[in-house]
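To keep things clear, I will list the structure first and then write my remarks on it.
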Amino acid sequence: MAIVYNHTVPTVAQFTDLYRACTLGARRPLDAAAEMMANVNLILSAWDGDLLVGLARAMTDRVQATYLADLAVRESHQKHGIGKQLIRMVQAEAPRATVVLLAAPQAHEYYGRIGFAQHRSCWILRPEMALS
């Protein structure tokens, strides 16, 4: 398996196909896939021939913080280091910035195992929540 990594932005169809082929598809509004891709400033992709097998979707100021919104790897291609390579590439794009993410329940243990430190002070404000 010769995986090619680059900055190629996939088509909406390729993006949604990848997300449906991994656990993220069930938790992402795939009807808004075009917006999800357009409103980030860093997309890194992994390809097995013409097949999109991995994607890192992030927002970064390249100085202080990089928010890794999604790390998607096709289930058929997991456990081959594709996710770790995409994260390394995210780090290389902004070497001074701290990479921050919210782990999916299925991936919670994965991130600690590959070297991320868990942070206890993360807070979220969902769209349906109001400030008091």
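Residues are named by chain letter and number: chains run A, B, ... in the order of the structure tokens, numbers start at 1 in each chain, and ligands are numbered from 1 in the order shown.
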- prompt: Can you list, as a PyMOL selection string, every residue of region 17-86 of chain A that DSSP puts in alpha helix (DSSP H)?
  reply: chain A and resi 17-20+33-38+82-86
query: Hey, what's within 12 Å of region 104-110 of chain A if we count only C-alpha atoms and toss same-chain stuff fewer than 2 positions away? As a PyMOL selection string, please?
result: chain A and resi 22-28+68-73+78-79+81+83-84+101-102+112-118
Can you spit out the residues from that selection as a tab-separated table (two decimals), in the first residue's frame, using C-alpha atoms?
chain	number	residue	atom	x	y	z
A	22	CYS	CA	-15.16	5.62	9.27
A	23	THR	CA	-16.82	6.44	12.59
A	24	LEU	CA	-17.05	10.20	11.91
A	25	GLY	CA	-19.85	9.87	9.39
A	26	ALA	CA	-22.46	9.23	12.06
A	27	ARG	CA	-21.43	12.34	14.04
A	28	ARG	CA	-20.94	14.97	11.34
A	68	LEU	CA	-7.75	19.57	14.67
A	69	ALA	CA	-11.45	19.45	13.89
A	70	ASP	CA	-11.35	16.00	12.28
A	71	LEU	CA	-8.93	13.18	11.76
A	72	ALA	CA	-10.65	10.68	9.47
A	73	VAL	CA	-9.12	7.41	8.30
A	78	GLN	CA	-6.69	2.02	9.85
A	79	LYS	CA	-3.74	0.69	11.88
A	81	GLY	CA	0.03	4.86	10.58
A	83	GLY	CA	-3.61	9.06	11.13
A	84	LYS	CA	-0.27	9.58	12.85
A	101	LEU	CA	-8.75	18.36	19.55
A	102	LEU	CA	-11.91	16.89	20.97
A	112	GLY	CA	-3.09	9.23	24.63
A	113	ARG	CA	-1.42	6.14	23.22
A	114	ILE	CA	0.22	8.10	20.38
A	115	GLY	CA	1.53	10.92	22.57
A	116	PHE	CA	-1.20	13.49	23.20
A	117	ALA	CA	-1.61	14.80	26.76
A	118	GLN	CA	-5.15	14.90	28.11
task: Select, from A:Ile3, A:Leu86, A:Met129, A:Ala65, the residue with the minimum atom-to-atom distance to Trp47 (chain A), counting only C-alpha atoms.
output: A:Ile3
message: Which residues are near region 30-35 of chain A? Cut-off 9 Å, only C-alpha atoms, ignore same chain within fewer than 4 positions. Put them as an NGL selection string.
response: :A and (11-13 or 15-16 or 19-20 or 25-26 or 39-40)
task: Name the residues of region 17-128 of chain A that come out as strand (DSSP E) in a backbone DSSP run; write them as an MDAnalysis selection string.
output: chainID A and resid 42:48 51:60 65:73 98:100
Generate a file of the selected residues that holds C-alpha atoms, formatted as a tab-separated table (two decimals), in the first residue's frame.
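So again22.tsv came out as:
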chain	number	residue	atom	x	y	z
A	42	LEU	CA	-5.76	23.51	6.63
A	43	ILE	CA	-6.72	20.28	4.89
A	44	LEU	CA	-4.24	17.45	4.52
A	45	SER	CA	-5.21	14.29	2.71
A	46	ALA	CA	-4.00	10.72	2.25
A	47	TRP	CA	-4.63	8.82	-0.97
A	48	ASP	CA	-4.38	5.17	-1.99
A	51	LEU	CA	-9.19	6.62	-3.19
A	52	LEU	CA	-9.25	9.16	-0.34
A	53	VAL	CA	-8.23	7.12	2.71
A	54	GLY	CA	-7.42	9.82	5.27
A	55	LEU	CA	-8.05	13.48	6.01
A	56	ALA	CA	-6.99	16.01	8.62
A	57	ARG	CA	-9.26	19.07	8.76
A	58	ALA	CA	-7.93	21.89	10.93
A	59	MET	CA	-7.96	25.58	11.78
A	60	THR	CA	-4.72	27.22	12.79
A	65	ALA	CA	-3.11	26.97	18.45
A	66	THR	CA	-4.15	24.47	15.82
A	67	TYR	CA	-7.60	22.99	16.30
A	68	LEU	CA	-7.75	19.57	14.67
A	69	ALA	CA	-11.45	19.45	13.89
A	70	ASP	CA	-11.35	16.00	12.28
A	71	LEU	CA	-8.93	13.18	11.76
A	72	ALA	CA	-10.65	10.68	9.47
A	73	VAL	CA	-9.12	7.41	8.30
A	98	THR	CA	-0.23	23.46	20.18
A	99	VAL	CA	-2.53	20.93	18.50
A	100	VAL	CA	-5.90	20.78	20.26
- line: From CA of Ser76 (chain A) to CA of Gln14 (chain A) the spacing works out at 15.3 Å
query: Closest to Arg62 (chain A) among A:Gln91, A:Met37, A:Tyr5, A:His119, using only C-alpha atoms?
result: A:Gln91
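Minimum atom-to-atom distance to Ile82 (chain A), evaluated using only C-alpha atoms, belongs to A:Val4 out of A:Ala21, A:Ala94, A:Val63, A:Val4.
With CA of Asn6 (chain A) on one side and CA of Gln85 (chain A) on the other, the separation reads 11.0 Å.
For the residues A:Gln64, A:Thr8, A:Leu18, A:Glu75, ranking by smallest atom-to-atom distance to Ala97 (chain A) using only C-alpha atoms places A:Gln64 first.
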